[in-house]
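*Asks:* For reference, the file final_1.cif (mmCIF, C-alpha atoms and all ligand atoms) is included below:
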data_query
loop_
_atom_site.group_PDB
_atom_site.id
_atom_site.type_symbol
_atom_site.label_atom_id
_atom_site.label_comp_id
_atom_site.auth_asym_id
_atom_site.auth_seq_id
_atom_site.Cartn_x
_atom_site.Cartn_y
_atom_site.Cartn_z
ATOM 1 C CA MET I 15 103.062 106.905 18.841
ATOM 2 C CA ASP I 16 102.456 110.119 20.747
ATOM 3 C CA ASP I 17 101.219 111.709 17.530
ATOM 4 C CA LEU I 18 98.761 108.879 17.046
ATOM 5 C CA ASN I 19 97.523 109.196 20.626
ATOM 6 C CA ASN I 20 97.176 112.950 20.224
ATOM 7 C CA ALA I 21 95.239 112.502 16.978
ATOM 8 C CA ILE I 22 92.856 110.090 18.706
ATOM 9 C CA GLU I 23 92.429 112.404 21.691
ATOM 10 C CA MET I 24 91.646 115.315 19.361
ATOM 11 C CA GLN I 25 88.922 113.301 17.661
ATOM 12 C CA LYS I 26 87.289 112.752 21.029
ATOM 13 C CA ASN I 27 86.257 116.393 21.143
ATOM 14 C CA TRP I 28 83.971 117.397 18.323
ATOM 15 C CA THR I 29 81.091 119.667 17.466
ATOM 16 C CA SER I 30 78.003 117.883 16.221
ATOM 17 C CA GLY I 31 76.185 118.863 13.116
ATOM 18 C CA PRO I 32 74.114 118.906 11.174
ATOM 19 C CA ILE I 33 71.398 116.996 13.067
ATOM 20 C CA LYS I 34 68.401 117.145 10.788
ATOM 21 C CA PHE I 35 64.783 116.674 11.796
ATOM 22 C CA SER I 36 61.483 117.384 10.131
ATOM 23 C CA ALA I 37 59.434 120.239 11.639
ATOM 24 C CA ALA I 38 56.158 121.780 10.476
ATOM 25 C CA THR I 39 56.653 124.846 8.264
ATOM 26 C CA SER I 40 54.623 126.888 10.762
ATOM 27 C CA MET I 41 52.077 126.366 13.514
ATOM 28 C CA SER I 42 49.250 126.485 10.948
ATOM 29 C CA ASN I 43 51.060 124.701 8.110
ATOM 30 C CA ASP I 44 52.071 121.063 8.565
ATOM 31 C CA ALA I 45 54.127 120.902 5.339
ATOM 32 C CA PRO I 46 57.472 119.397 6.425
ATOM 33 C CA MET I 47 60.541 121.589 6.720
ATOM 34 C CA ILE I 48 64.012 120.200 7.422
ATOM 35 C CA VAL I 49 65.703 121.915 10.358
ATOM 36 C CA ASP I 50 69.254 121.566 11.666
ATOM 37 C CA LEU I 51 68.921 121.108 15.422
ATOM 38 C CA THR I 52 72.525 122.133 16.103
ATOM 39 C CA GLU I 53 71.777 125.646 14.803
ATOM 40 C CA THR I 54 69.405 126.112 17.759
ATOM 41 C CA LEU I 55 71.915 125.124 20.468
ATOM 42 C CA ASP I 56 74.448 126.989 22.626
ATOM 43 C CA LYS I 57 72.420 130.199 22.401
ATOM 44 C CA ARG I 58 72.239 130.876 26.147
ATOM 45 C CA LYS I 59 68.574 131.862 25.780
ATOM 46 C CA ASN I 60 65.733 130.864 28.061
ATOM 47 C CA ASN I 61 62.819 128.892 26.672
ATOM 48 C CA PRO I 62 60.172 131.375 25.338
ATOM 49 C CA LYS I 63 57.493 131.937 27.996
ATOM 50 C CA ALA I 64 53.995 130.485 27.683
ATOM 51 C CA GLY I 65 51.809 132.804 25.595
ATOM 52 C CA LYS I 66 54.883 134.197 23.798
ATOM 53 C CA ARG I 67 55.650 131.111 21.708
ATOM 54 C CA ASN I 68 55.129 131.610 17.981
ATOM 55 C CA ASP I 69 56.571 130.904 14.525
ATOM 56 C CA THR I 70 59.315 133.474 15.110
ATOM 57 C CA ASN I 71 60.841 131.733 18.125
ATOM 58 C CA CYS I 72 59.731 128.080 17.777
ATOM 59 C CA TYR I 73 60.005 125.165 15.376
ATOM 60 C CA TRP I 74 56.758 123.210 15.796
ATOM 61 C CA LEU I 75 56.657 119.437 15.465
ATOM 62 C CA PRO I 76 53.855 118.142 13.183
ATOM 63 C CA SER I 77 50.314 118.651 14.506
ATOM 64 C CA THR I 78 49.786 114.869 14.417
ATOM 65 C CA LEU I 79 51.932 114.796 17.581
ATOM 66 C CA ASN I 80 49.439 116.992 19.424
ATOM 67 C CA LYS I 81 49.317 115.026 22.663
ATOM 68 C CA ASN I 82 51.398 114.835 25.782
ATOM 69 C CA ASP I 83 50.837 111.173 26.593
ATOM 70 C CA GLU I 84 53.220 108.231 26.918
ATOM 71 C CA GLU I 85 52.876 107.127 23.303
ATOM 72 C CA THR I 86 53.440 110.606 21.853
ATOM 73 C CA VAL I 87 56.397 111.292 24.162
ATOM 74 C CA ALA I 88 57.926 108.052 22.810
ATOM 75 C CA GLU I 89 57.312 109.270 19.224
ATOM 76 C CA VAL I 90 58.987 112.625 19.938
ATOM 77 C CA LYS I 91 61.934 110.790 21.530
ATOM 78 C CA SER I 92 62.123 108.564 18.472
ATOM 79 C CA ILE I 93 62.456 111.565 16.110
ATOM 80 C CA PHE I 94 65.499 112.922 17.941
ATOM 81 C CA VAL I 95 67.118 109.612 18.891
ATOM 82 C CA ASN I 96 67.120 108.742 15.165
ATOM 83 C CA ALA I 97 68.250 112.213 14.064
ATOM 84 C CA CYS I 98 71.230 112.018 16.464
ATOM 85 C CA LYS I 99 72.026 108.444 15.392
ATOM 86 C CA SER I 100 72.260 109.643 11.774
ATOM 87 C CA ALA I 101 74.680 112.323 12.964
ATOM 88 C CA GLY I 102 76.922 109.792 14.763
ATOM 89 C CA CYS I 103 75.893 109.961 18.398
ATOM 90 C CA LYS I 104 73.612 108.059 20.702
ATOM 91 C CA VAL I 105 71.270 110.050 22.938
ATOM 92 C CA GLY I 106 68.671 109.183 25.538
ATOM 93 C CA GLY I 107 65.555 111.246 26.272
ATOM 94 C CA GLN I 108 64.093 111.814 29.734
ATOM 95 C CA TYR I 109 60.596 113.263 30.108
ATOM 96 C CA GLU I 110 60.555 115.982 32.783
ATOM 97 C CA LYS I 111 56.943 116.476 33.885
ATOM 98 C CA LYS I 112 57.625 119.663 35.872
ATOM 99 C CA LEU I 113 59.365 121.343 32.932
ATOM 100 C CA ASN I 114 56.922 120.055 30.300
ATOM 101 C CA SER I 115 59.902 118.915 28.301
ATOM 102 C CA ILE I 116 61.992 115.990 27.158
ATOM 103 C CA VAL I 117 65.671 116.439 27.985
ATOM 104 C CA PHE I 118 67.998 114.654 25.564
ATOM 105 C CA GLU I 119 71.561 113.915 26.642
ATOM 106 C CA CYS I 120 74.491 112.130 25.043
ATOM 107 C CA ASN I 121 74.792 108.518 26.131
ATOM 108 C CA ARG I 122 78.251 109.423 27.506
ATOM 109 C CA SER I 123 76.934 112.193 29.753
ATOM 110 C CA LYS I 124 76.675 110.124 32.931
ATOM 111 C CA PHE I 125 79.082 107.799 34.712
ATOM 112 C CA ILE I 126 78.192 104.149 34.589
ATOM 113 C CA ASN I 127 76.858 102.773 37.857
ATOM 114 C CA ARG I 128 79.055 99.658 37.909
ATOM 115 C CA GLU I 129 77.237 97.891 40.719
ATOM 116 C CA ASN I 130 73.918 98.408 39.002
ATOM 117 C CA ASN I 131 75.394 97.369 35.673
ATOM 118 C CA LEU I 132 76.737 94.148 37.142
ATOM 119 C CA LYS I 133 73.411 93.382 38.846
ATOM 120 C CA GLN I 134 71.467 93.967 35.606
ATOM 121 C CA SER I 135 73.791 91.601 33.761
ATOM 122 C CA ARG I 136 73.505 88.921 36.431
ATOM 123 C CA ASP I 137 69.705 89.215 36.477
ATOM 124 C CA ALA I 138 69.519 88.947 32.675
ATOM 125 C CA TYR I 139 71.855 85.922 32.785
ATOM 126 C CA GLU I 140 69.772 84.181 35.465
ATOM 127 C CA LYS I 141 66.576 84.902 33.523
ATOM 128 C CA ARG I 142 68.076 83.419 30.377
ATOM 129 C CA LEU I 143 69.247 80.255 32.155
ATOM 130 C CA LYS I 144 65.796 79.863 33.694
ATOM 131 C CA LYS I 145 64.176 80.207 30.280
ATOM 132 C CA LEU I 146 66.535 77.576 28.894
ATOM 133 C CA GLY I 147 65.687 75.276 31.807
ATOM 134 C CA VAL I 148 69.234 75.021 33.177
ATOM 135 C CA SER I 149 69.168 73.586 36.734
ATOM 136 C CA GLU I 150 71.092 75.016 39.717
ATOM 137 C CA GLU I 151 73.593 72.116 39.536
ATOM 138 C CA GLU I 152 74.285 72.567 35.837
ATOM 139 C CA LYS I 153 74.600 76.317 36.089
ATOM 140 C CA PRO I 154 78.074 77.606 35.240
ATOM 141 C CA PHE I 155 79.281 80.502 37.372
ATOM 142 C CA VAL I 156 80.237 83.442 35.252
ATOM 143 C CA GLN I 157 81.215 86.821 36.618
ATOM 144 C CA ARG I 158 80.004 89.066 33.887
ATOM 145 C CA GLU I 159 79.473 92.715 33.318
ATOM 146 C CA LYS I 160 77.498 94.374 30.555
ATOM 147 C CA ARG I 161 79.765 96.024 28.014
ATOM 148 C CA THR I 162 79.586 99.744 28.411
ATOM 149 C CA SER I 163 80.559 102.773 26.417
ATOM 150 C CA LYS I 164 79.732 105.138 29.285
ATOM 151 C CA PRO I 165 82.453 107.022 31.169
ATOM 152 C CA ILE I 166 83.821 105.344 34.285
ATOM 153 C CA LYS I 167 84.494 107.522 37.312
ATOM 154 C CA GLY I 168 88.181 107.653 38.188
ATOM 155 C CA ARG I 169 89.439 105.633 35.211
ATOM 156 C CA ALA I 170 92.040 107.735 33.417
ATOM 157 C CA GLY I 171 91.140 108.309 29.780
ATOM 158 C CA PHE I 172 87.572 107.073 30.272
ATOM 159 C CA ASP I 173 86.202 109.545 32.786
ATOM 160 C CA THR I 174 85.135 112.491 30.606
ATOM 161 C CA GLN I 175 81.438 113.231 30.864
ATOM 162 C CA CYS I 176 80.019 114.559 27.586
ATOM 163 C CA LYS I 177 77.948 117.749 27.842
ATOM 164 C CA PHE I 178 75.947 117.391 24.609
ATOM 165 C CA ARG I 179 72.289 118.089 25.396
ATOM 166 C CA PHE I 180 69.104 119.772 24.175
ATOM 167 C CA SER I 181 65.394 119.803 24.985
ATOM 168 C CA ALA I 182 62.066 119.457 23.195
ATOM 169 C CA PHE I 183 59.180 121.260 24.894
ATOM 170 C CA TRP I 184 55.422 120.904 25.184
ATOM 171 C CA ASP I 185 53.234 124.005 24.786
ATOM 172 C CA GLU I 186 50.083 123.486 26.834
ATOM 173 C CA GLN I 187 48.240 126.372 25.192
ATOM 174 C CA SER I 188 48.536 125.187 21.593
ATOM 175 C CA GLY I 189 48.860 121.482 22.411
ATOM 176 C CA ARG I 190 52.052 121.226 20.359
ATOM 177 C CA TRP I 191 55.625 120.029 20.803
ATOM 178 C CA TYR I 192 58.338 122.469 19.761
ATOM 179 C CA ILE I 193 62.051 123.194 19.666
ATOM 180 C CA PRO I 194 62.941 126.795 20.530
ATOM 181 C CA LYS I 195 64.845 128.426 17.666
ATOM 182 C CA GLU I 196 67.379 129.446 20.300
ATOM 183 C CA GLN I 197 67.971 127.366 23.400
ATOM 184 C CA LYS I 198 70.750 126.684 25.867
ATOM 185 C CA GLY I 199 71.900 123.092 25.427
ATOM 186 C CA CYS I 200 75.340 122.138 24.195
ATOM 187 C CA ARG I 201 76.360 121.046 20.700
ATOM 188 C CA ASP I 202 79.843 119.805 21.609
ATOM 189 C CA HIS I 203 80.791 116.219 22.389
ATOM 190 C CA ALA I 204 83.725 115.294 24.626
ATOM 191 C CA GLY I 205 85.475 112.082 25.625
ATOM 192 C CA HIS I 206 84.338 109.971 22.668
ATOM 193 C CA MET I 207 84.544 109.902 18.904
ATOM 194 C CA ARG I 208 81.759 110.333 16.373
ATOM 195 C CA GLU I 209 80.426 106.889 15.495
ATOM 196 C CA VAL I 210 79.353 105.325 12.222
ATOM 197 C CA PRO I 211 75.526 105.522 12.397
ATOM 198 C CA SER I 212 75.038 101.855 11.485
ATOM 199 C CA ASN I 213 77.188 100.882 14.507
ATOM 200 C CA ILE I 214 74.897 102.717 16.912
ATOM 201 C CA ARG I 215 72.369 100.378 18.491
ATOM 202 C CA VAL I 216 69.196 102.069 19.674
ATOM 203 C CA SER I 217 66.195 100.512 21.353
ATOM 204 C CA SER I 218 63.866 98.870 18.815
ATOM 205 C CA LYS I 219 60.977 101.001 20.099
ATOM 206 C CA PHE I 220 62.727 104.011 18.541
ATOM 207 C CA LEU I 221 63.705 102.476 15.191
ATOM 208 C CA GLY I 222 61.959 103.552 11.999
ATOM 209 C CA THR I 223 58.681 105.463 11.849
ATOM 210 C CA ARG I 224 55.444 104.689 13.658
ATOM 211 C CA GLU I 225 53.970 103.363 10.383
ATOM 212 C CA GLN I 226 56.956 101.091 9.768
ATOM 213 C CA ARG I 227 56.706 99.691 13.301
ATOM 214 C CA GLN I 228 52.949 99.163 12.850
ATOM 215 C CA ASN I 229 53.703 97.224 9.645
ATOM 216 C CA ILE I 230 55.711 94.761 11.753
ATOM 217 C CA VAL I 231 52.726 94.206 14.040
ATOM 218 C CA ASP I 232 50.375 93.777 11.057
ATOM 219 C CA ALA I 233 52.793 91.407 9.336
ATOM 220 C CA VAL I 234 53.264 89.225 12.413
ATOM 221 C CA ASP I 235 49.504 89.307 13.125
ATOM 222 C CA SER I 236 48.833 88.050 9.620
ATOM 223 C CA GLU I 237 51.235 85.191 10.351
ATOM 224 C CA VAL I 238 54.218 86.438 8.372
ATOM 225 C CA ARG I 239 57.279 84.949 10.112
ATOM 226 C CA PRO I 240 59.135 87.408 12.383
ATOM 227 C CA THR I 241 62.324 87.144 10.302
ATOM 228 C CA SER I 242 60.392 88.062 7.146
ATOM 229 C CA ALA I 243 58.658 90.925 8.950
ATOM 230 C CA GLY I 244 62.114 92.092 10.051
ATOM 231 C CA ARG I 245 63.328 92.041 6.448
ATOM 232 C CA ILE I 246 60.329 94.115 5.310
ATOM 233 C CA PHE I 247 61.165 96.626 8.063
ATOM 234 C CA GLU I 248 64.825 96.712 6.981
ATOM 235 C CA THR I 249 63.851 97.418 3.367
ATOM 236 C CA GLN I 250 61.575 100.272 4.441
ATOM 237 C CA SER I 251 63.645 101.893 7.157
ATOM 238 C CA GLY I 252 67.210 100.759 6.441
ATOM 239 C CA GLU I 253 67.417 99.470 10.050
ATOM 240 C CA HIS I 254 68.209 95.894 10.947
ATOM 241 C CA LEU I 255 65.978 94.164 13.508
ATOM 242 C CA ASP I 256 66.829 90.945 15.332
ATOM 243 C CA TRP I 257 63.981 88.489 15.843
ATOM 244 C CA HIS I 258 63.696 89.386 19.536
ATOM 245 C CA GLN I 259 63.312 93.051 18.555
ATOM 246 C CA VAL I 260 60.479 92.113 16.175
ATOM 247 C CA ASN I 261 58.794 90.284 19.043
ATOM 248 C CA TYR I 262 59.370 93.234 21.373
ATOM 249 C CA ILE I 263 57.741 95.675 18.946
ATOM 250 C CA LYS I 264 54.825 93.333 18.397
ATOM 251 C CA ASN I 265 54.227 92.767 22.105
ATOM 252 C CA THR I 266 54.487 96.392 23.189
ATOM 253 C CA LYS I 267 52.349 97.628 20.282
ATOM 254 C CA SER I 268 49.672 95.064 21.054
ATOM 255 C CA LYS I 269 49.689 96.077 24.700
ATOM 256 C CA ASN I 270 49.324 99.753 23.877
ATOM 257 C CA ALA I 271 47.011 99.385 20.896
ATOM 258 C CA SER I 272 43.958 101.577 21.080
ATOM 259 C CA SER I 273 41.381 102.744 18.585
ATOM 260 C CA PRO I 274 40.307 106.393 18.415
ATOM 261 C CA ASN I 275 36.715 105.531 19.334
ATOM 262 C CA GLU I 276 37.620 103.225 22.178
ATOM 263 C CA THR I 277 35.227 103.264 25.115
ATOM 264 C CA ALA I 278 36.003 102.484 28.754
ATOM 265 C CA ALA I 279 34.493 99.012 28.228
ATOM 266 C CA ASP I 280 36.793 98.441 25.223
ATOM 267 C CA ARG I 281 39.808 99.416 27.300
ATOM 268 C CA LEU I 282 38.763 97.092 30.098
ATOM 269 C CA ILE I 283 38.450 94.194 27.677
ATOM 270 C CA ARG I 284 41.759 95.038 26.031
ATOM 271 C CA ALA I 285 43.520 95.351 29.385
ATOM 272 C CA SER I 286 42.231 91.952 30.448
ATOM 273 C CA ARG I 287 43.890 90.315 27.418
ATOM 274 C CA PRO I 288 46.888 92.437 26.570
ATOM 275 C CA SER I 289 48.233 90.053 23.953
ATOM 276 C CA GLU I 290 45.333 90.588 21.605
ATOM 277 C CA ILE I 291 44.242 93.650 19.674
ATOM 278 C CA ARG I 292 40.503 93.979 19.584
ATOM 279 C CA GLN I 293 37.983 96.374 18.210
ATOM 280 C CA TRP I 294 34.240 96.770 18.408
ATOM 281 C CA THR I 295 32.120 96.485 15.326
ATOM 282 C CA GLY I 296 28.628 97.569 16.320
ATOM 283 C CA SER I 297 27.631 95.768 19.475
ATOM 284 C CA VAL I 298 29.613 92.581 18.809
ATOM 285 C CA PRO I 299 33.329 92.682 19.541
ATOM 286 C CA VAL I 300 35.564 90.784 17.140
ATOM 287 C CA ARG I 301 39.223 89.881 17.219
ATOM 288 C CA ALA I 302 41.033 92.189 14.848
ATOM 289 C CA SER I 303 43.169 89.400 13.473
ATOM 290 C CA SER I 304 40.904 86.380 13.294
ATOM 291 C CA GLN I 305 37.419 87.920 13.059
ATOM 292 C CA GLN I 306 36.210 85.306 15.528
ATOM 293 C CA CYS I 307 32.984 86.372 17.274
ATOM 294 C CA LEU I 308 32.990 86.677 21.033
ATOM 295 C CA SER I 309 30.390 87.287 23.649
ATOM 296 C CA PRO I 310 30.630 90.817 25.079
ATOM 297 C CA TRP I 311 31.210 89.154 28.492
ATOM 298 C CA ASP I 312 33.821 86.761 27.208
ATOM 299 C CA SER I 313 36.705 88.327 29.023
ATOM 300 C CA LEU I 314 35.051 90.389 31.761
HETATM 301 ZN ZN ZN Q 401 78.704 113.013 23.424
#
Take the structure in the file and give it back as structure tokens.
Ligand SMILES: [Zn+2]

*Replies:*
Amino acid sequence: MDDLNNAIEMQKNWTSGPIKFSAATSMSNDAPMIVDLTETLDKRKNNPKAGKRNDTNCYWLPSTLNKNDEETVAEVKSIFVNACKSAGCKVGGQYEKKLNSIVFECNRSKFINRENNLKQSRDAYEKRLKKLGVSEEEKPFVQREKRTSKPIKGRAGFDTQCKFRFSAFWDEQSGRWYIPKEQKGCRDHAGHMREVPSNIRVSSKFLGTREQRQNIVDAVDSEVRPTSAGRIFETQSGEHLDWHQVNYIKNTKSKNASSPNETAADRLIRASRPSEIRQWTGSVPVRASSQQCLSPWDSL
């Protein structure tokens, strides 16, 4: 039995790799090049200084990601969340404005805040009962806590904080995201085993590629049933989506939809009806999905 326990404990400390992502071949050549992220970690080197970043010390992300806005940050997160999932670990990315970077850490890097966790679960439970129309009298009392895989402070065997981390950076000068060829970070995991990628659940906003997620929105907009849209997504990306995830993608995409030539007036109209995607054709705005004509003042 001790041998078995020891074998399990040994598997809880492991070095990740390879974690593959697609970078541009060089700053001026967007042809994709597969890079192993783990080869860049544990180098104890500072991030190259502004003005000194080049093809020798940086892997550039594709030039299509040449913005530092909310949507692009989410795309950059998506690249690495998926790359790490394929390599058997779940990471979260935090945008650090001051550092012009996104810091990615293993999901097991921080202790669970149990009080917060319990409150979140209770709130979600209450919300669900309300949606189902369950009255106060009918409501069963359930003391529930969200299941967690995060380390718990003070609980023997479950209190190891994993140190796996790395960063993606934004270069203001070139307007590009990059991974330094040598950075600090940590490629080792501790306190948990490598997981089977298909068992790792990541937020639906990070699943698949931007195009695959847009296909969901297009499919649902053209009145394909959410379950069918989910199946199309699964065929394309290999990721399973529940119906509520399909709805989530559709709703958030619609809210954030914008066209490249959007004017301030377009944005105002779109913001006033977030559930619809609209675009201007000449001076008469039309609904993207139904082509129904509207007065320009319809929603102002
Ligand atoms: Zn870890």

*Asks:* Do you have the CA of Leu113 (chain I)-CA of Glu186 (chain I) distance handy?

*Replies:* 11.3 Å

*Asks:* Could you jot down the CA of Ile193 (chain I) to CA of Phe180 (chain I) separation for me, Å, one decimal place?

*Replies:* 9.0 Å

*Asks:* Ligand ZN 401 (chain Q): which residues are within 6 Å, counting all atoms listed in the file? Reply as a PyMOL selection string.

*Replies:* chain I and resi 120+122+176+178+203-204

*Asks:* Go through I:Gln197, I:Thr39, I:Ser149, I:Ser236 and flag the residue nearest Leu51 (chain I), using all atoms listed in the file for the distances.

*Replies:* I:Gln197

*Asks:* Under the PyMOL selection byres (((chain I and resi 19-31) around 12) and not hetatm), which residues of this model are included? Write them out as an MDAnalysis selection string.

*Replies:* chainID I and resid 15:18 32:35 49:56 97:104 120 122 171:172 174:179 200:209

*Asks:* Residues as selected, C-alpha atoms, written as a CSV table (one decimal), keeping the file's coordinate frame, can you do that?

*Replies:*
chain,number,residue,atom,x,y,z
I,15,MET,CA,103.1,106.9,18.8
I,16,ASP,CA,102.5,110.1,20.7
I,17,ASP,CA,101.2,111.7,17.5
I,18,LEU,CA,98.8,108.9,17.0
I,32,PRO,CA,74.1,118.9,11.2
I,33,ILE,CA,71.4,117.0,13.1
I,34,LYS,CA,68.4,117.1,10.8
I,35,PHE,CA,64.8,116.7,11.8
I,49,VAL,CA,65.7,121.9,10.4
I,50,ASP,CA,69.3,121.6,11.7
I,51,LEU,CA,68.9,121.1,15.4
I,52,THR,CA,72.5,122.1,16.1
I,53,GLU,CA,71.8,125.6,14.8
I,54,THR,CA,69.4,126.1,17.8
I,55,LEU,CA,71.9,125.1,20.5
I,56,ASP,CA,74.4,127.0,22.6
I,97,ALA,CA,68.2,112.2,14.1
I,98,CYS,CA,71.2,112.0,16.5
I,99,LYS,CA,72.0,108.4,15.4
I,100,SER,CA,72.3,109.6,11.8
I,101,ALA,CA,74.7,112.3,13.0
I,102,GLY,CA,76.9,109.8,14.8
I,103,CYS,CA,75.9,110.0,18.4
I,104,LYS,CA,73.6,108.1,20.7
I,120,CYS,CA,74.5,112.1,25.0
I,122,ARG,CA,78.3,109.4,27.5
I,171,GLY,CA,91.1,108.3,29.8
I,172,PHE,CA,87.6,107.1,30.3
I,174,THR,CA,85.1,112.5,30.6
I,175,GLN,CA,81.4,113.2,30.9
I,176,CYS,CA,80.0,114.6,27.6
I,177,LYS,CA,77.9,117.7,27.8
I,178,PHE,CA,75.9,117.4,24.6
I,179,ARG,CA,72.3,118.1,25.4
I,200,CYS,CA,75.3,122.1,24.2
I,201,ARG,CA,76.4,121.0,20.7
I,202,ASP,CA,79.8,119.8,21.6
I,203,HIS,CA,80.8,116.2,22.4
I,204,ALA,CA,83.7,115.3,24.6
I,205,GLY,CA,85.5,112.1,25.6
I,206,HIS,CA,84.3,110.0,22.7
I,207,MET,CA,84.5,109.9,18.9
I,208,ARG,CA,81.8,110.3,16.4
I,209,GLU,CA,80.4,106.9,15.5

*Asks:* Counting all atoms listed in the file, figure out which residue out of I:Lys167, I:Lys133, I:Lys81, I:Lys63 gets nearest to Gly189 (chain I).

*Replies:* I:Lys81

*Asks:* Could you check how far CA of Asp69 (chain I) sits from CA of Leu221 (chain I), in Å to one decimal?

*Replies:*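 Distance reported for this atom pair: 29.3 Å.
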
*Asks:* Could you pull the residues within 7 Å of Gln108 (chain I), counting all atoms listed in the file, minus those fewer than 2 positions along the same chain, as a VMD selection string?

*Replies:* chain I and resid 106 110 116 to 118

*Asks:* For C-alpha atoms, I'd like the residues from the last selection saved as a short mmCIF file (atom, residue, chain, number, x, y, z; two decimals), keeping the file's coordinate frame.

*Replies:*
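Here's the written file out.cif:
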data_model
loop_
_atom_site.label_atom_id
_atom_site.label_comp_id
_atom_site.auth_asym_id
_atom_site.auth_seq_id
_atom_site.Cartn_x
_atom_site.Cartn_y
_atom_site.Cartn_z
CA GLY I 106 68.67 109.18 25.54
CA GLU I 110 60.56 115.98 32.78
CA ILE I 116 61.99 115.99 27.16
CA VAL I 117 65.67 116.44 27.98
CA PHE I 118 68.00 114.65 25.56
#
